[in-house]
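For reference, the structure is listed below as structure tokens.
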Amino acid sequence: MSHHGYLRQPTIRGNTIVFVCDDDLWSVSVDGGLARRLTAGLGEPSTPVLSPDGQWLAYASRDELHPEVYVMPAEGGPARRLTWLGPFVHVRGWTETGEIVFVTTWGQPFFRNFRVYTISRDGGLPSLLPLGQVNHLALTARGLAGPKVIGRNT
């Protein structure tokens, strides 16, 4: 019996694809085959992004009401919550030095005003980047040091 899900928000690094389906994160080889479920929580994971070395997976999840930034080994294992910001958070990438890049409306007067931050995968305080309002952010393999495409009102 096969299951046909709605696969969305893929991230690809090396030979690994991670995607969202049925409110969980799944991993599969670029060659196809059986997908493995990486999460099984009550939350709704979204915006997964594999680290440049392919060893880590950062994503946003609603495990405790508001979406927050989480990180876990890309092969699976326990996830670690990194932020307590709410109400809106989306992971957008990784820096060239291995920090997680995310956008949030934290501290903003309007719910659609996103700013971009970085945070270490080991935790700590987020650092605001001087890019102004940023909703979507596409990075090259060089991270923030390389070319960027910024979506401000997307």
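Ordering of the structure tokens sets the chain letters (A, B, ...), residue numbers begin anew at 1 in every chain, and ligands are numbered from 1 in the order given.
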Using only C-alpha atoms, which protein or nucleic acid residues come within 8 Å of segment 104-107 of chain A? Drop anything in the same chain fewer than 3 positions from it, and give the result as a short mmCIF file (atom, residue, chain, number, x, y, z; two decimals) with all heavy atoms, in the first residue's frame.
data_model
loop_
_atom_site.label_atom_id
_atom_site.label_comp_id
_atom_site.auth_asym_id
_atom_site.auth_seq_id
_atom_site.Cartn_x
_atom_site.Cartn_y
_atom_site.Cartn_z
N LEU A 85 10.81 33.41 20.64
CA LEU A 85 10.47 34.74 20.14
C LEU A 85 9.00 34.90 19.80
O LEU A 85 8.39 35.88 20.18
CB LEU A 85 11.33 35.08 18.91
CG LEU A 85 12.84 35.08 19.13
CD1 LEU A 85 13.55 35.25 17.81
CD2 LEU A 85 13.23 36.15 20.11
N GLY A 86 8.43 33.96 19.02
CA GLY A 86 7.06 34.09 18.56
C GLY A 86 6.79 35.49 18.02
O GLY A 86 7.62 36.37 18.14
N PRO A 87 5.72 35.82 17.44
CA PRO A 87 4.69 34.89 17.01
C PRO A 87 4.94 34.28 15.63
O PRO A 87 4.36 33.27 15.30
CB PRO A 87 3.43 35.73 17.00
CG PRO A 87 3.91 37.12 16.70
CD PRO A 87 5.30 37.20 17.29
N PHE A 88 5.82 34.88 14.79
CA PHE A 88 6.07 34.31 13.47
C PHE A 88 7.58 34.16 13.26
O PHE A 88 8.33 35.12 13.42
CB PHE A 88 5.50 35.20 12.35
CG PHE A 88 4.01 35.29 12.38
CD1 PHE A 88 3.38 36.43 12.85
CD2 PHE A 88 3.22 34.23 11.95
CE1 PHE A 88 2.01 36.51 12.89
CE2 PHE A 88 1.85 34.31 11.98
CZ PHE A 88 1.24 35.45 12.47
N VAL A 89 7.99 32.95 12.89
CA VAL A 89 9.39 32.64 12.65
C VAL A 89 9.48 31.71 11.45
O VAL A 89 8.70 30.75 11.36
CB VAL A 89 10.05 31.97 13.88
CG1 VAL A 89 11.44 31.47 13.55
CG2 VAL A 89 10.09 32.92 15.06
N HIS A 90 10.43 31.98 10.54
CA HIS A 90 10.68 31.10 9.39
C HIS A 90 12.19 30.96 9.21
O HIS A 90 12.90 31.97 9.19
CB HIS A 90 10.10 31.68 8.10
CG HIS A 90 8.64 31.98 8.17
ND1 HIS A 90 7.67 31.01 8.18
CD2 HIS A 90 7.99 33.16 8.26
CE1 HIS A 90 6.48 31.57 8.25
NE2 HIS A 90 6.65 32.88 8.31
N PHE A 110 4.13 45.61 13.52
CA PHE A 110 3.09 45.03 12.68
C PHE A 110 3.44 43.59 12.37
O PHE A 110 4.61 43.24 12.19
CB PHE A 110 2.93 45.83 11.38
CG PHE A 110 2.64 47.28 11.63
CD1 PHE A 110 3.62 48.24 11.44
CD2 PHE A 110 1.40 47.69 12.09
CE1 PHE A 110 3.36 49.58 11.68
CE2 PHE A 110 1.13 49.03 12.35
CZ PHE A 110 2.11 49.98 12.14
N PHE A 111 2.44 42.74 12.26
CA PHE A 111 2.67 41.30 12.14
C PHE A 111 3.31 40.89 10.83
O PHE A 111 3.80 39.79 10.70
CB PHE A 111 1.37 40.52 12.38
CG PHE A 111 0.40 40.54 11.25
CD1 PHE A 111 0.36 39.50 10.33
CD2 PHE A 111 -0.49 41.59 11.09
CE1 PHE A 111 -0.54 39.51 9.29
CE2 PHE A 111 -1.40 41.60 10.06
CZ PHE A 111 -1.42 40.56 9.15
N ARG A 112 3.38 41.74 9.83
CA ARG A 112 4.02 41.39 8.57
C ARG A 112 5.41 42.02 8.41
O ARG A 112 6.02 41.93 7.36
CB ARG A 112 3.14 41.79 7.39
CG ARG A 112 1.90 40.94 7.29
CD ARG A 112 1.16 41.21 6.01
NE ARG A 112 -0.09 40.51 5.98
CZ ARG A 112 -0.30 39.39 5.33
NH1 ARG A 112 0.66 38.84 4.64
NH2 ARG A 112 -1.47 38.81 5.35
N ASN A 113 5.91 42.66 9.44
CA ASN A 113 7.25 43.25 9.41
C ASN A 113 8.26 42.24 9.93
O ASN A 113 8.42 42.07 11.13
CB ASN A 113 7.31 44.51 10.27
CG ASN A 113 6.65 45.70 9.63
OD1 ASN A 113 5.98 45.56 8.62
ND2 ASN A 113 6.83 46.86 10.21
N PHE A 114 8.93 41.57 9.01
CA PHE A 114 9.94 40.58 9.39
C PHE A 114 11.32 41.21 9.35
O PHE A 114 11.61 42.04 8.50
CB PHE A 114 9.92 39.39 8.42
CG PHE A 114 8.74 38.48 8.58
CD1 PHE A 114 7.54 38.75 7.93
CD2 PHE A 114 8.83 37.35 9.36
CE1 PHE A 114 6.46 37.91 8.07
CE2 PHE A 114 7.75 36.50 9.51
CZ PHE A 114 6.57 36.77 8.86
N ARG A 115 12.19 40.79 10.26
CA ARG A 115 13.60 41.16 10.27
C ARG A 115 14.39 39.86 10.26
O ARG A 115 13.93 38.83 10.72
CB ARG A 115 13.96 41.98 11.51
CG ARG A 115 13.17 43.27 11.68
CD ARG A 115 13.49 44.36 10.69
NE ARG A 115 14.84 44.82 10.66
CZ ARG A 115 15.34 45.79 11.40
NH1 ARG A 115 14.58 46.41 12.27
NH2 ARG A 115 16.61 46.13 11.28
N VAL A 116 15.63 39.92 9.78
CA VAL A 116 16.44 38.72 9.66
C VAL A 116 17.50 38.66 10.77
O VAL A 116 18.11 39.67 11.10
CB VAL A 116 17.07 38.61 8.25
CG1 VAL A 116 18.05 39.73 7.97
CG2 VAL A 116 17.74 37.27 8.04
N TYR A 117 17.65 37.46 11.32
CA TYR A 117 18.58 37.21 12.42
C TYR A 117 19.41 35.96 12.11
O TYR A 117 19.03 35.14 11.28
CB TYR A 117 17.82 36.92 13.73
CG TYR A 117 17.11 38.10 14.32
CD1 TYR A 117 15.87 38.52 13.83
CD2 TYR A 117 17.65 38.79 15.38
CE1 TYR A 117 15.21 39.60 14.39
CE2 TYR A 117 16.99 39.87 15.96
CZ TYR A 117 15.78 40.27 15.45
OH TYR A 117 15.13 41.33 16.01
#
Exercise. A:Val20, A:Ile12, A:Leu125, A:Val30: which is nearest Asp53 of chain A, counting only C-alpha atoms?
Worked result: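 Residue with the minimum atom-to-atom distance to Asp53 of chain A: A:Ile12.
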Exercise. To one decimal place, how far is atom CA of Arg142 of chain A from atom CA of Glu68 of chain A in Å?
Worked result: 24.9 Å
For segment 143-148 of chain A, find every residue with an atom within 9 Å (counting only C-alpha atoms), except residues of its own chain fewer than 6 positions away, and show them as a PDB file with N, CA, C and O atoms, in the first residue's frame.
ATOM      1  N   PRO A  52      25.199  23.687   5.410  1.00  0.00           N
ATOM      2  CA  PRO A  52      26.120  23.561   4.276  1.00  0.00           C
ATOM      3  C   PRO A  52      26.884  22.234   4.241  1.00  0.00           C
ATOM      4  O   PRO A  52      27.161  21.713   3.176  1.00  0.00           O
ATOM      5  N   GLY A  93      17.915  29.833   5.959  1.00  0.00           N
ATOM      6  CA  GLY A  93      19.186  29.325   5.461  1.00  0.00           C
ATOM      7  C   GLY A  93      20.225  29.204   6.547  1.00  0.00           C
ATOM      8  O   GLY A  93      19.914  29.215   7.734  1.00  0.00           O
ATOM      9  N   TRP A  94      21.474  29.095   6.107  1.00  0.00           N
ATOM     10  CA  TRP A  94      22.639  28.991   6.985  1.00  0.00           C
ATOM     11  C   TRP A  94      23.697  29.960   6.484  1.00  0.00           C
ATOM     12  O   TRP A  94      23.814  30.189   5.287  1.00  0.00           O
ATOM     13  N   THR A  95      24.488  30.484   7.404  1.00  0.00           N
ATOM     14  CA  THR A  95      25.606  31.324   7.009  1.00  0.00           C
ATOM     15  C   THR A  95      26.766  30.431   6.578  1.00  0.00           C
ATOM     16  O   THR A  95      26.755  29.221   6.819  1.00  0.00           O
ATOM     17  N   GLU A  96      27.781  31.041   5.992  1.00  0.00           N
ATOM     18  CA  GLU A  96      28.972  30.311   5.582  1.00  0.00           C
ATOM     19  C   GLU A  96      29.753  29.789   6.792  1.00  0.00           C
ATOM     20  O   GLU A  96      30.556  28.871   6.668  1.00  0.00           O
ATOM     21  N   THR A  97      29.492  30.339   7.985  1.00  0.00           N
ATOM     22  CA  THR A  97      30.167  29.886   9.201  1.00  0.00           C
ATOM     23  C   THR A  97      29.316  28.925  10.028  1.00  0.00           C
ATOM     24  O   THR A  97      29.699  28.573  11.143  1.00  0.00           O
ATOM     25  N   GLY A  98      28.159  28.531   9.498  1.00  0.00           N
ATOM     26  CA  GLY A  98      27.351  27.518  10.170  1.00  0.00           C
ATOM     27  C   GLY A  98      26.307  28.036  11.136  1.00  0.00           C
ATOM     28  O   GLY A  98      25.811  27.283  11.978  1.00  0.00           O
ATOM     29  N   VAL A 101      20.058  31.105   9.730  1.00  0.00           N
ATOM     30  CA  VAL A 101      19.470  32.385   9.335  1.00  0.00           C
ATOM     31  C   VAL A 101      17.951  32.225   9.376  1.00  0.00           C
ATOM     32  O   VAL A 101      17.400  31.290   8.803  1.00  0.00           O
ATOM     33  N   LEU A 137      14.434  35.200   1.993  1.00  0.00           N
ATOM     34  CA  LEU A 137      15.848  35.423   1.766  1.00  0.00           C
ATOM     35  C   LEU A 137      16.420  34.176   1.118  1.00  0.00           C
ATOM     36  O   LEU A 137      16.306  33.083   1.664  1.00  0.00           O
TER      37      LEU A 137
END
Problem set entry | A:Cys21, A:Val91, A:Leu65, A:Ile119 ranked by distance to Val49 of chain A, top pick (using only C-alpha atoms) | A:Val91
For this session: Mind checking which residues fall within 10 Å of Ser29 of chain A, counting only C-alpha atoms, ignoring those fewer than 2 positions away in the same chain, and posting them as JSON, numbers by chain?
Result: {"A": [12, 14, 15, 16, 17, 18, 27, 31, 32, 33, 34, 35, 36]}
Limited to N, CA, C and O atoms, could you put the picked residues into a file as a PDB file, in the first residue's frame?
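After the write, out_2.pdb holds the following:
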ATOM      1  N   ILE A  12      17.565  20.595  -0.267  1.00  0.00           N
ATOM      2  CA  ILE A  12      18.460  19.591  -0.848  1.00  0.00           C
ATOM      3  C   ILE A  12      19.902  19.973  -0.521  1.00  0.00           C
ATOM      4  O   ILE A  12      20.306  21.125  -0.693  1.00  0.00           O
ATOM      5  N   GLY A  14      23.738  17.865  -1.020  1.00  0.00           N
ATOM      6  CA  GLY A  14      24.420  16.618  -1.358  1.00  0.00           C
ATOM      7  C   GLY A  14      23.441  15.606  -1.922  1.00  0.00           C
ATOM      8  O   GLY A  14      22.729  15.895  -2.877  1.00  0.00           O
ATOM      9  N   ASN A  15      23.378  14.442  -1.315  1.00  0.00           N
ATOM     10  CA  ASN A  15      22.476  13.372  -1.762  1.00  0.00           C
ATOM     11  C   ASN A  15      21.199  13.278  -0.947  1.00  0.00           C
ATOM     12  O   ASN A  15      20.485  12.283  -1.042  1.00  0.00           O
ATOM     13  N   THR A  16      20.913  14.295  -0.125  1.00  0.00           N
ATOM     14  CA  THR A  16      19.773  14.232   0.785  1.00  0.00           C
ATOM     15  C   THR A  16      18.726  15.280   0.448  1.00  0.00           C
ATOM     16  O   THR A  16      19.059  16.439   0.217  1.00  0.00           O
ATOM     17  N   ILE A  17      17.473  14.857   0.467  1.00  0.00           N
ATOM     18  CA  ILE A  17      16.331  15.761   0.350  1.00  0.00           C
ATOM     19  C   ILE A  17      15.524  15.629   1.636  1.00  0.00           C
ATOM     20  O   ILE A  17      15.233  14.517   2.086  1.00  0.00           O
ATOM     21  N   VAL A  18      15.178  16.752   2.248  1.00  0.00           N
ATOM     22  CA  VAL A  18      14.276  16.777   3.397  1.00  0.00           C
ATOM     23  C   VAL A  18      13.079  17.611   2.983  1.00  0.00           C
ATOM     24  O   VAL A  18      13.224  18.640   2.331  1.00  0.00           O
ATOM     25  N   SER A  27      13.013  12.488   5.208  1.00  0.00           N
ATOM     26  CA  SER A  27      14.276  12.515   4.488  1.00  0.00           C
ATOM     27  C   SER A  27      14.305  11.376   3.479  1.00  0.00           C
ATOM     28  O   SER A  27      13.836  10.270   3.772  1.00  0.00           O
ATOM     29  N   ASP A  31      18.305   9.822  -5.073  1.00  0.00           N
ATOM     30  CA  ASP A  31      18.077   8.698  -5.980  1.00  0.00           C
ATOM     31  C   ASP A  31      16.712   8.060  -5.789  1.00  0.00           C
ATOM     32  O   ASP A  31      16.362   7.126  -6.512  1.00  0.00           O
ATOM     33  N   GLY A  32      15.947   8.546  -4.824  1.00  0.00           N
ATOM     34  CA  GLY A  32      14.627   7.975  -4.547  1.00  0.00           C
ATOM     35  C   GLY A  32      14.708   6.935  -3.454  1.00  0.00           C
ATOM     36  O   GLY A  32      15.662   6.876  -2.688  1.00  0.00           O
ATOM     37  N   GLY A  33      13.687   6.096  -3.382  1.00  0.00           N
ATOM     38  CA  GLY A  33      13.653   5.070  -2.350  1.00  0.00           C
ATOM     39  C   GLY A  33      12.657   5.412  -1.270  1.00  0.00           C
ATOM     40  O   GLY A  33      11.798   6.289  -1.427  1.00  0.00           O
ATOM     41  N   LEU A  34      12.767   4.730  -0.159  1.00  0.00           N
ATOM     42  CA  LEU A  34      11.856   4.884   0.964  1.00  0.00           C
ATOM     43  C   LEU A  34      12.228   6.116   1.778  1.00  0.00           C
ATOM     44  O   LEU A  34      13.385   6.275   2.177  1.00  0.00           O
ATOM     45  N   ALA A  35      11.268   6.996   2.027  1.00  0.00           N
ATOM     46  CA  ALA A  35      11.498   8.183   2.854  1.00  0.00           C
ATOM     47  C   ALA A  35      11.411   7.791   4.332  1.00  0.00           C
ATOM     48  O   ALA A  35      10.598   6.956   4.716  1.00  0.00           O
ATOM     49  N   ARG A  36      12.285   8.396   5.144  1.00  0.00           N
ATOM     50  CA  ARG A  36      12.280   8.160   6.589  1.00  0.00           C
ATOM     51  C   ARG A  36      11.704   9.381   7.295  1.00  0.00           C
ATOM     52  O   ARG A  36      12.061  10.522   6.977  1.00  0.00           O
TER      53      ARG A  36
END
For this session: May I have all residues of chain A that DSSP, computed from the backbone, assigns to strand (DSSP E), given as number ranges by chain?
Result: A: 8-13, 16-21, 24-29, 32-37, 46-50, 56-64, 66-73, 80-81, 89-94, 100-104, 115-119, 127-133, 136-140, 143-151
Problem set entry | Atomic separation - atom CA of Leu82 of chain A relative to atom CA of Ser120 of chain A, Å |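 Spanning atom CA of Ser120 of chain A to atom CA of Leu82 of chain A is a straight-line distance of 8.4 Å.
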